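**Q** Just query.cif, nothing more (mmCIF, C-alpha atoms):
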data_run
loop_
_atom_site.group_PDB
_atom_site.id
_atom_site.type_symbol
_atom_site.label_atom_id
_atom_site.label_comp_id
_atom_site.auth_asym_id
_atom_site.auth_seq_id
_atom_site.Cartn_x
_atom_site.Cartn_y
_atom_site.Cartn_z
ATOM 1 C CA MET A 1 -34.874 100.763 55.719
ATOM 2 C CA LYS A 2 -34.173 103.049 58.701
ATOM 3 C CA LYS A 3 -37.888 103.759 58.899
ATOM 4 C CA ILE A 4 -38.700 100.043 58.969
ATOM 5 C CA SER A 5 -36.057 99.424 61.660
ATOM 6 C CA LYS A 6 -37.633 102.076 63.863
ATOM 7 C CA LEU A 7 -41.073 100.532 63.379
ATOM 8 C CA ILE A 8 -39.753 97.108 64.332
ATOM 9 C CA ALA A 9 -38.267 98.615 67.503
ATOM 10 C CA ILE A 10 -41.666 100.078 68.331
ATOM 11 C CA VAL A 11 -43.209 96.637 67.903
ATOM 12 C CA LEU A 12 -40.790 95.176 70.433
ATOM 13 C CA LEU A 13 -41.455 97.962 72.921
ATOM 14 C CA ALA A 14 -45.171 97.405 72.525
ATOM 15 C CA GLY A 15 -44.775 94.074 74.304
ATOM 16 C CA LEU A 16 -44.042 95.944 77.520
ATOM 17 C CA PHE A 17 -47.581 97.266 77.509
ATOM 18 C CA SER A 18 -49.404 94.120 76.476
ATOM 19 C CA GLN A 19 -51.118 93.817 79.872
ATOM 20 C CA CYS A 20 -52.478 97.381 79.873
ATOM 21 C CA LYS A 21 -56.199 97.874 80.393
ATOM 22 C CA VAL A 22 -58.352 100.714 79.185
ATOM 23 C CA PHE A 23 -61.639 101.184 81.014
ATOM 24 C CA ASP A 24 -61.217 97.613 82.374
ATOM 25 C CA ASN A 25 -61.052 96.212 78.831
ATOM 26 C CA GLU A 26 -57.885 94.438 77.774
ATOM 27 C CA VAL A 27 -56.074 96.124 74.908
ATOM 28 C CA LEU A 28 -55.682 93.822 71.903
ATOM 29 C CA VAL A 29 -51.984 93.807 71.111
ATOM 30 C CA PRO A 30 -51.636 93.848 67.326
ATOM 31 C CA SER A 31 -49.746 91.463 65.136
ATOM 32 C CA TYR A 32 -47.626 92.842 62.300
ATOM 33 C CA LEU A 33 -47.331 92.057 58.620
ATOM 34 C CA TYR A 34 -44.115 92.967 56.824
ATOM 35 C CA ILE A 35 -44.117 93.303 53.019
ATOM 36 C CA PRO A 36 -40.566 94.065 51.800
ATOM 37 C CA GLY A 37 -41.529 94.292 48.132
ATOM 38 C CA TYR A 38 -43.039 92.254 45.320
ATOM 39 C CA LYS A 39 -42.320 90.460 42.050
ATOM 40 C CA PHE A 40 -44.349 90.673 38.847
ATOM 41 C CA VAL A 41 -44.231 87.851 36.300
ATOM 42 C CA THR A 42 -45.691 87.258 32.841
ATOM 43 C CA ASN A 43 -46.110 84.106 30.768
ATOM 44 C CA ALA A 44 -42.823 82.660 29.555
ATOM 45 C CA ASP A 45 -44.237 82.227 26.036
ATOM 46 C CA GLY A 46 -44.361 85.995 25.491
ATOM 47 C CA SER A 47 -48.153 86.061 25.149
ATOM 48 C CA GLN A 48 -48.401 88.743 27.858
ATOM 49 C CA GLY A 49 -45.379 90.782 26.832
ATOM 50 C CA ASP A 50 -42.507 91.774 29.088
ATOM 51 C CA SER A 51 -42.771 91.818 32.887
ATOM 52 C CA THR A 52 -41.976 95.482 33.533
ATOM 53 C CA SER A 53 -44.126 96.936 36.310
ATOM 54 C CA LYS A 54 -44.648 99.895 38.623
ATOM 55 C CA ILE A 55 -46.736 98.603 41.510
ATOM 56 C CA THR A 56 -46.440 101.303 44.148
ATOM 57 C CA GLU A 57 -48.296 99.779 47.084
ATOM 58 C CA ALA A 58 -50.183 96.804 48.470
ATOM 59 C CA TRP A 59 -53.866 96.977 49.363
ATOM 60 C CA VAL A 60 -54.189 94.641 52.324
ATOM 61 C CA TYR A 61 -57.261 92.609 53.331
ATOM 62 C CA THR A 62 -57.938 90.175 56.187
ATOM 63 C CA GLN A 63 -60.862 87.829 55.505
ATOM 64 C CA GLY A 64 -61.894 90.252 52.752
ATOM 65 C CA ASN A 65 -61.916 93.307 55.052
ATOM 66 C CA LEU A 66 -59.706 96.170 53.898
ATOM 67 C CA GLU A 67 -56.928 97.109 56.333
ATOM 68 C CA GLY A 68 -55.579 99.893 54.120
ATOM 69 C CA SER A 69 -53.042 100.580 51.367
ATOM 70 C CA PHE A 70 -49.317 100.651 52.126
ATOM 71 C CA GLY A 71 -46.258 101.554 50.074
ATOM 72 C CA PHE A 72 -43.279 99.218 49.844
ATOM 73 C CA PRO A 73 -41.588 98.301 52.114
ATOM 74 C CA ALA A 74 -44.435 98.178 54.634
ATOM 75 C CA LEU A 75 -44.770 97.136 58.274
ATOM 76 C CA ILE A 76 -48.499 96.942 58.957
ATOM 77 C CA PRO A 77 -50.170 96.639 62.383
ATOM 78 C CA ILE A 78 -53.228 94.358 62.256
ATOM 79 C CA GLN A 79 -55.633 94.390 65.202
ATOM 80 C CA ARG A 80 -56.365 90.679 64.921
ATOM 81 C CA ASN A 81 -55.057 87.521 66.522
ATOM 82 C CA GLY A 82 -55.587 84.019 65.174
ATOM 83 C CA THR A 83 -55.552 82.367 61.763
ATOM 84 C CA TYR A 84 -56.629 84.673 58.947
ATOM 85 C CA GLU A 85 -56.542 84.774 55.173
ATOM 86 C CA ILE A 86 -54.469 87.760 54.010
ATOM 87 C CA GLY A 87 -55.195 89.192 50.577
ATOM 88 C CA LEU A 88 -52.903 91.627 48.742
ATOM 89 C CA ASP A 89 -53.920 93.705 45.729
ATOM 90 C CA ALA A 90 -51.408 95.434 43.439
ATOM 91 C CA GLY A 91 -51.917 99.178 43.817
ATOM 92 C CA VAL A 92 -50.938 101.495 40.954
ATOM 93 C CA GLN A 93 -51.242 105.141 40.007
ATOM 94 C CA SER A 94 -54.275 104.524 37.828
ATOM 95 C CA SER A 95 -54.036 107.706 35.760
ATOM 96 C CA GLY A 96 -50.303 108.215 36.072
ATOM 97 C CA GLN A 97 -50.929 110.667 38.922
ATOM 98 C CA PHE A 98 -49.699 110.034 42.451
ATOM 99 C CA SER A 99 -53.008 111.141 43.995
ATOM 100 C CA GLU A 100 -55.078 108.662 41.961
ATOM 101 C CA ARG A 101 -54.126 105.242 43.276
ATOM 102 C CA LYS A 102 -56.188 102.076 43.350
ATOM 103 C CA PRO A 103 -55.869 98.318 42.816
ATOM 104 C CA ASN A 104 -55.177 97.234 39.264
ATOM 105 C CA LEU A 105 -58.116 94.912 38.557
ATOM 106 C CA LEU A 106 -56.183 93.190 35.765
ATOM 107 C CA ILE A 107 -53.563 91.932 38.233
ATOM 108 C CA THR A 108 -54.247 89.037 40.602
ATOM 109 C CA ARG A 109 -54.994 89.364 44.303
ATOM 110 C CA GLU A 110 -52.418 87.222 46.111
ATOM 111 C CA TYR A 111 -53.481 85.235 49.187
ATOM 112 C CA PHE A 112 -51.592 84.040 52.264
ATOM 113 C CA THR A 113 -52.848 82.238 55.372
ATOM 114 C CA ARG A 114 -51.149 83.357 58.565
ATOM 115 C CA ASN A 115 -51.561 82.662 62.284
ATOM 116 C CA LEU A 116 -51.425 86.216 63.599
ATOM 117 C CA LYS A 117 -49.921 86.533 67.078
ATOM 118 C CA PRO A 118 -49.444 89.575 69.360
ATOM 119 C CA ASN A 119 -46.142 91.429 68.800
ATOM 120 C CA THR A 120 -45.163 88.959 66.097
ATOM 121 C CA ILE A 121 -44.014 89.997 62.631
ATOM 122 C CA ASP A 122 -45.012 87.810 59.678
ATOM 123 C CA THR A 123 -43.311 88.441 56.344
ATOM 124 C CA VAL A 124 -45.077 87.924 53.023
ATOM 125 C CA PHE A 125 -43.709 88.525 49.530
ATOM 126 C CA PRO A 126 -46.380 88.654 46.811
ATOM 127 C CA VAL A 127 -45.739 87.434 43.290
ATOM 128 C CA PHE A 128 -48.277 89.247 41.131
ATOM 129 C CA LYS A 129 -49.383 88.315 37.610
ATOM 130 C CA TYR A 130 -52.148 89.182 35.196
ATOM 131 C CA ILE A 131 -55.557 87.720 35.987
ATOM 132 C CA THR A 132 -56.717 84.567 34.218
ATOM 133 C CA GLY A 133 -58.785 85.586 31.227
ATOM 134 C CA ALA A 134 -57.117 88.967 30.677
ATOM 135 C CA LYS A 135 -57.370 89.831 26.971
ATOM 136 C CA PHE A 136 -54.296 91.393 25.434
ATOM 137 C CA LEU A 137 -55.869 93.310 22.578
ATOM 138 C CA MET A 138 -52.537 94.823 21.600
ATOM 139 C CA ILE A 139 -48.897 94.356 22.627
ATOM 140 C CA GLU A 140 -46.137 96.431 21.052
ATOM 141 C CA ASP A 141 -42.860 95.424 22.647
ATOM 142 C CA PHE A 142 -40.784 95.869 19.475
ATOM 143 C CA ASP A 143 -39.728 92.211 19.662
ATOM 144 C CA GLN A 144 -42.204 90.994 17.057
ATOM 145 C CA ILE A 145 -42.215 91.255 13.270
ATOM 146 C CA GLY A 146 -43.533 94.608 12.079
ATOM 147 C CA PHE A 147 -44.944 97.539 14.054
ATOM 148 C CA ARG A 148 -48.457 97.921 15.409
ATOM 149 C CA PHE A 149 -48.189 101.674 14.891
ATOM 150 C CA SER A 150 -47.825 103.820 11.811
ATOM 151 C CA LYS A 151 -46.865 107.452 11.265
ATOM 152 C CA TYR A 152 -49.841 109.797 10.919
ATOM 153 C CA TYR A 153 -48.528 113.375 11.099
ATOM 154 C CA SER A 154 -44.976 113.124 9.843
ATOM 155 C CA ASN A 155 -42.240 114.653 7.710
ATOM 156 C CA PRO A 156 -39.762 112.849 5.452
ATOM 157 C CA GLY A 157 -36.966 111.512 7.606
ATOM 158 C CA ASP A 158 -39.133 110.725 10.656
ATOM 159 C CA THR A 159 -38.638 107.070 11.600
ATOM 160 C CA ILE A 160 -39.517 104.482 14.237
ATOM 161 C CA ILE A 161 -36.713 102.006 14.809
ATOM 162 C CA THR A 162 -35.818 99.283 17.305
ATOM 163 C CA PHE A 163 -32.671 98.823 19.378
ATOM 164 C CA ASN A 164 -31.594 96.415 22.118
ATOM 165 C CA THR A 165 -28.238 97.648 23.328
ATOM 166 C CA GLY A 166 -26.929 100.367 25.586
ATOM 167 C CA ASP A 167 -28.197 101.898 28.804
ATOM 168 C CA SER A 168 -31.371 103.172 27.157
ATOM 169 C CA ALA A 169 -32.755 99.713 26.375
ATOM 170 C CA ARG A 170 -35.687 98.941 28.691
ATOM 171 C CA THR A 171 -34.799 95.284 29.251
ATOM 172 C CA LYS A 172 -31.383 93.807 28.612
ATOM 173 C CA GLY A 173 -31.372 91.706 25.463
ATOM 174 C CA ARG A 174 -34.872 92.823 24.412
ATOM 175 C CA ASN A 175 -35.842 95.434 21.845
ATOM 176 C CA SER A 176 -37.194 98.875 22.657
ATOM 177 C CA GLY A 177 -38.534 101.488 20.257
ATOM 178 C CA MET A 178 -36.956 104.801 19.315
ATOM 179 C CA ILE A 179 -38.642 107.709 17.541
ATOM 180 C CA LYS A 180 -36.193 109.706 15.430
ATOM 181 C CA LEU A 181 -37.390 113.049 14.099
ATOM 182 C CA SER A 182 -36.030 115.028 11.192
ATOM 183 C CA ASP A 183 -34.687 118.522 11.921
ATOM 184 C CA SER A 184 -37.774 120.120 10.359
ATOM 185 C CA THR A 185 -40.383 118.149 12.342
ATOM 186 C CA THR A 186 -42.431 120.119 14.875
ATOM 187 C CA LEU A 187 -45.515 117.849 14.970
ATOM 188 C CA PHE A 188 -45.438 114.049 14.917
ATOM 189 C CA ARG A 189 -48.122 111.488 15.598
ATOM 190 C CA MET A 190 -47.876 107.708 15.635
ATOM 191 C CA ILE A 191 -51.165 105.860 15.802
ATOM 192 C CA SER A 192 -52.088 102.201 16.129
ATOM 193 C CA THR A 193 -52.633 100.569 12.768
ATOM 194 C CA ASP A 194 -55.657 98.639 14.057
ATOM 195 C CA ALA A 195 -58.707 99.866 15.954
ATOM 196 C CA TYR A 196 -59.697 97.946 19.072
ATOM 197 C CA ARG A 197 -63.216 97.292 20.319
ATOM 198 C CA LEU A 198 -63.554 97.804 24.077
ATOM 199 C CA THR A 199 -66.526 96.338 25.891
ATOM 200 C CA GLY A 200 -67.144 98.947 28.575
ATOM 201 C CA LEU A 201 -70.061 98.109 30.897
ATOM 202 C CA ASN A 202 -67.899 97.657 34.019
ATOM 203 C CA VAL A 203 -65.285 95.542 32.217
ATOM 204 C CA PRO A 204 -61.850 96.822 33.322
ATOM 205 C CA ALA A 205 -59.552 98.104 30.585
ATOM 206 C CA MET A 206 -56.022 99.421 30.956
ATOM 207 C CA LEU A 207 -53.416 100.996 28.703
ATOM 208 C CA GLU A 208 -49.885 100.622 30.007
ATOM 209 C CA PHE A 209 -46.557 101.609 28.520
ATOM 210 C CA ASP A 210 -42.927 102.428 29.306
ATOM 211 C CA TYR A 211 -41.125 105.570 28.196
ATOM 212 C CA ASN A 212 -37.825 107.419 28.518
ATOM 213 C CA THR A 213 -37.846 110.862 26.929
ATOM 214 C CA ASP A 214 -36.456 114.376 27.208
ATOM 215 C CA ILE A 215 -39.497 115.862 25.470
ATOM 216 C CA THR A 216 -43.177 115.683 26.451
ATOM 217 C CA LEU A 217 -45.288 112.946 24.852
ATOM 218 C CA TYR A 218 -49.072 113.242 24.582
ATOM 219 C CA ILE A 219 -50.899 109.900 24.804
ATOM 220 C CA GLY A 220 -54.544 109.331 24.034
ATOM 221 C CA LEU A 221 -57.262 107.469 22.170
ATOM 222 C CA VAL A 222 -59.166 108.208 18.977
ATOM 223 C CA ALA A 223 -62.700 106.841 19.273
ATOM 224 C CA ASN A 224 -64.616 105.997 16.098
ATOM 225 C CA THR A 225 -68.146 107.158 16.915
ATOM 226 C CA VAL A 226 -71.295 107.631 14.847
ATOM 227 C CA GLY A 227 -70.614 111.360 14.826
ATOM 228 C CA GLY A 228 -67.044 110.941 13.635
ATOM 229 C CA ASN A 229 -63.671 110.534 15.298
ATOM 230 C CA GLN A 230 -63.372 111.780 18.873
ATOM 231 C CA VAL A 231 -59.949 112.453 20.416
ATOM 232 C CA ILE A 232 -59.633 111.418 24.081
ATOM 233 C CA PRO A 233 -56.485 112.801 25.742
ATOM 234 C CA LEU A 234 -55.211 110.526 28.505
ATOM 235 C CA TYR A 235 -51.752 111.428 29.740
ATOM 236 C CA TYR A 236 -48.807 113.789 29.378
ATOM 237 C CA ALA A 237 -45.539 111.852 29.638
ATOM 238 C CA TYR A 238 -43.208 114.560 30.870
ATOM 239 C CA PRO A 239 -39.428 114.379 30.351
ATOM 240 C CA ASN A 240 -37.846 111.657 32.428
ATOM 241 C CA LYS A 241 -34.141 110.854 32.757
ATOM 242 C CA ALA A 242 -34.784 107.136 33.270
ATOM 243 C CA TRP A 243 -37.388 104.609 32.162
ATOM 244 C CA ASN A 244 -40.814 105.119 33.684
ATOM 245 C CA LYS A 245 -44.000 103.064 33.482
ATOM 246 C CA VAL A 246 -47.574 104.295 33.524
ATOM 247 C CA TYR A 247 -50.951 102.564 33.873
ATOM 248 C CA LEU A 248 -53.985 104.355 32.448
ATOM 249 C CA ASP A 249 -57.413 103.159 33.561
ATOM 250 C CA LEU A 250 -59.735 103.589 30.577
ATOM 251 C CA SER A 251 -62.960 102.621 32.341
ATOM 252 C CA LEU A 252 -64.438 106.098 32.779
ATOM 253 C CA ASP A 253 -63.615 107.213 29.239
ATOM 254 C CA ILE A 254 -65.115 104.051 27.742
ATOM 255 C CA ALA A 255 -68.268 104.372 29.852
ATOM 256 C CA LYS A 256 -69.022 107.744 28.229
ATOM 257 C CA LEU A 257 -69.328 106.223 24.761
ATOM 258 C CA PRO A 258 -71.539 103.432 23.363
ATOM 259 C CA SER A 259 -70.514 99.868 24.157
ATOM 260 C CA GLY A 260 -68.327 98.356 21.467
ATOM 261 C CA THR A 261 -66.877 101.636 20.213
ATOM 262 C CA GLU A 262 -63.565 101.096 18.426
ATOM 263 C CA TYR A 263 -60.446 102.930 19.572
ATOM 264 C CA LYS A 264 -57.002 103.650 18.227
ATOM 265 C CA ILE A 265 -54.045 104.579 20.438
ATOM 266 C CA PHE A 266 -51.918 107.587 19.554
ATOM 267 C CA ILE A 267 -48.719 109.219 20.774
ATOM 268 C CA ASP A 268 -48.201 112.878 19.819
ATOM 269 C CA ILE A 269 -45.023 114.942 19.921
ATOM 270 C CA LEU A 270 -45.104 118.745 19.784
ATOM 271 C CA ARG A 271 -41.508 119.785 19.384
ATOM 272 C CA PRO A 272 -40.712 123.228 20.840
ATOM 273 C CA ALA A 273 -38.901 125.618 18.535
ATOM 274 C CA GLY A 274 -35.142 125.397 18.807
ATOM 275 C CA THR A 275 -35.162 121.951 20.420
ATOM 276 C CA ALA A 276 -32.201 119.797 19.448
ATOM 277 C CA THR A 277 -32.650 116.168 18.425
ATOM 278 C CA PRO A 278 -34.890 114.784 21.200
ATOM 279 C CA ARG A 279 -34.404 111.474 22.996
ATOM 280 C CA ILE A 280 -37.635 109.446 22.666
ATOM 281 C CA PHE A 281 -37.695 105.802 23.746
ATOM 282 C CA ILE A 282 -40.877 103.745 24.209
ATOM 283 C CA ASP A 283 -41.628 100.116 24.990
ATOM 284 C CA ASN A 284 -44.169 97.580 26.275
ATOM 285 C CA ILE A 285 -47.314 99.305 25.044
ATOM 286 C CA LYS A 286 -50.238 97.080 26.068
ATOM 287 C CA LEU A 287 -53.986 97.440 25.721
ATOM 288 C CA ILE A 288 -55.618 94.955 28.094
ATOM 289 C CA GLU A 289 -59.241 94.180 28.934
ATOM 290 C CA GLY A 290 -60.621 91.972 31.694
#
So, in terms of structure tokens, how does the structure I just supplied come out?
**A**
Amino acid sequence: MKKISKLIAIVLLAGLFSQCKVFDNEVLVPSYLYIPGYKFVTNADGSQGDSTSKITEAWVYTQGNLEGSFGFPALIPIQRNGTYEIGLDAGVQSSGQFSERKPNLLITREYFTRNLKPNTIDTVFPVFKYITGAKFLMIEDFDQIGFRFSKYYSNPGDTIITFNTGDSARTKGRNSGMIKLSDSTTLFRMISTDAYRLTGLNVPAMLEFDYNTDITLYIGLVANTVGGNQVIPLYYAYPNKAWNKVYLDLSLDIAKLPSGTEYKIFIDILRPAGTATPRIFIDNIKLIEG
């Protein structure tokens, strides 16, 4: 907040120079847009799963023209005066990596109309949601009857259970999943029971999930192709002391294979020798297509 306070002070000082001229042309004094944060909501009927999110920034547009992307909280100078339509996209780390950020096309663009005035700060607070028509091919939030995953590589004693109490639960009062490994297990794979047909052909598709683990998880897809099964690694979920969320854009991987290929989702665990009983919590696994 100190950074934002300094920026606001700069805005006020800018008014002292509003009559400056450069090469006999009047300088356009910018207006400012302040975005303190956001809210993400899902349908109350549970059809879209829980409302956990990790939107890292807003992509800002005026009349459809991109002004840039800005992390929260953001104070944004806009070189425009007058009434404009402001659009905000939900920016995410699209492959789980900080350097690969872009708007999540399965989340709505939120619009505001503002009369932009020099040296004036307008505040907007977007409430994002999934786009109309988003298809939830799979939701595993551990709140429904049965699991949408089964054990593939496993030893006797390996289990997947649910819990909804304690500090490790993702959402208070809601179930999360826990993977418990036997002492002899060094390799474990859970894989989706069903295979899912993804359209491809410029139709956005996203895999998102939450995790809290002290051991690395390997997440990917198994594609059922004419030539046999093809493993597509997507993401390494490195140990994390608190719950984290990741969004994985599947568009490029799907585009490489024929339209309509069926995919299963897997989570692998390679347990290093000598590792004590690992902490592995997962939740809100969603496969979504536009």
**Q** Neighbours of Gly173 (chain A) within 9 Å (all atoms listed in the file; same-chain residues fewer than 3 positions away dropped), as a list in words?
**A**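 After dropping sequence-adjacent residues, the list is Asn164, Thr165 and Ala169 of chain A.
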**Q** May I ask which of the residues A:Leu248, A:Ile265, A:Leu105, A:Ile254 is the closest one to Ile191 (chain A), counting only C-alpha atoms?
**A**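 Checking each of A:Leu248, A:Ile265, A:Leu105, A:Ile254 against Ile191 (chain A), counting only C-alpha atoms, the winner is A:Ile265.
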**Q** Using all atoms listed in the file and a cutoff of 12 Å, can you tell me which residues are near (-33.8, 98.8, 30.1) in the file's coordinates, and write them out as a list in words?
**A**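 Residues with an atom close enough to that point: Asp50, Ser51, Thr52, Phe163, Asn164, Thr165, Gly166, Asp167, Ser168, Ala169, Arg170, Thr171, Lys172, Gly173, Arg174, Asn175, Ser176, Gly177, Asp210, Tyr211, Asn212, Ala242, Trp243, Asn244, Lys245, Phe281, Ile282, Asp283 and Asn284 of chain A.
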**Q** What residues come out when you apply the PyMOL selection byres ((chain A and resi 257) around 12) to this file, written as a list in words?
**A**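 Those residues are Arg197, Leu198, Thr199, Gly200, Leu201, Val222, Ala223, Asn224, Thr225, Val226, Gly227, Asn229, Gln230, Ile232, Leu250, Ser251, Leu252, Asp253, Ile254, Ala255, Lys256, Pro258, Ser259, Gly260, Thr261, Glu262 and Tyr263 of chain A.
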**Q** Which residue gives the smallest distance to Gln63 (chain A) among A:Leu137, A:Leu88, A:Leu181, A:Ile288, with all atoms listed in the file counted?
**A** A:Leu88
**Q** Check what the PyMOL selection byres ((chain A and resi 235) around 10) selects in the file above and give those residues as an mmCIF file with C-alpha atoms, in the frame of the given file.
**A**
data_model
loop_
_atom_site.group_PDB
_atom_site.id
_atom_site.type_symbol
_atom_site.label_atom_id
_atom_site.label_comp_id
_atom_site.auth_asym_id
_atom_site.auth_seq_id
_atom_site.Cartn_x
_atom_site.Cartn_y
_atom_site.Cartn_z
ATOM 1 C CA SER A 95 -54.036 107.706 35.760
ATOM 2 C CA GLY A 96 -50.303 108.215 36.072
ATOM 3 C CA GLN A 97 -50.929 110.667 38.922
ATOM 4 C CA LEU A 217 -45.288 112.946 24.852
ATOM 5 C CA TYR A 218 -49.072 113.242 24.582
ATOM 6 C CA ILE A 219 -50.899 109.900 24.804
ATOM 7 C CA GLY A 220 -54.544 109.331 24.034
ATOM 8 C CA ILE A 232 -59.633 111.418 24.081
ATOM 9 C CA PRO A 233 -56.485 112.801 25.742
ATOM 10 C CA LEU A 234 -55.211 110.526 28.505
ATOM 11 C CA TYR A 236 -48.807 113.789 29.378
ATOM 12 C CA ALA A 237 -45.539 111.852 29.638
ATOM 13 C CA TYR A 238 -43.208 114.560 30.870
ATOM 14 C CA VAL A 246 -47.574 104.295 33.524
ATOM 15 C CA TYR A 247 -50.951 102.564 33.873
ATOM 16 C CA LEU A 248 -53.985 104.355 32.448
ATOM 17 C CA ILE A 267 -48.719 109.219 20.774
#
**Q** Quick one: of A:Glu208, A:Glu289, A:Glu110, A:Glu57, who's nearest to Phe72 (chain A), counting all atoms listed in the file?
**A** A:Glu57
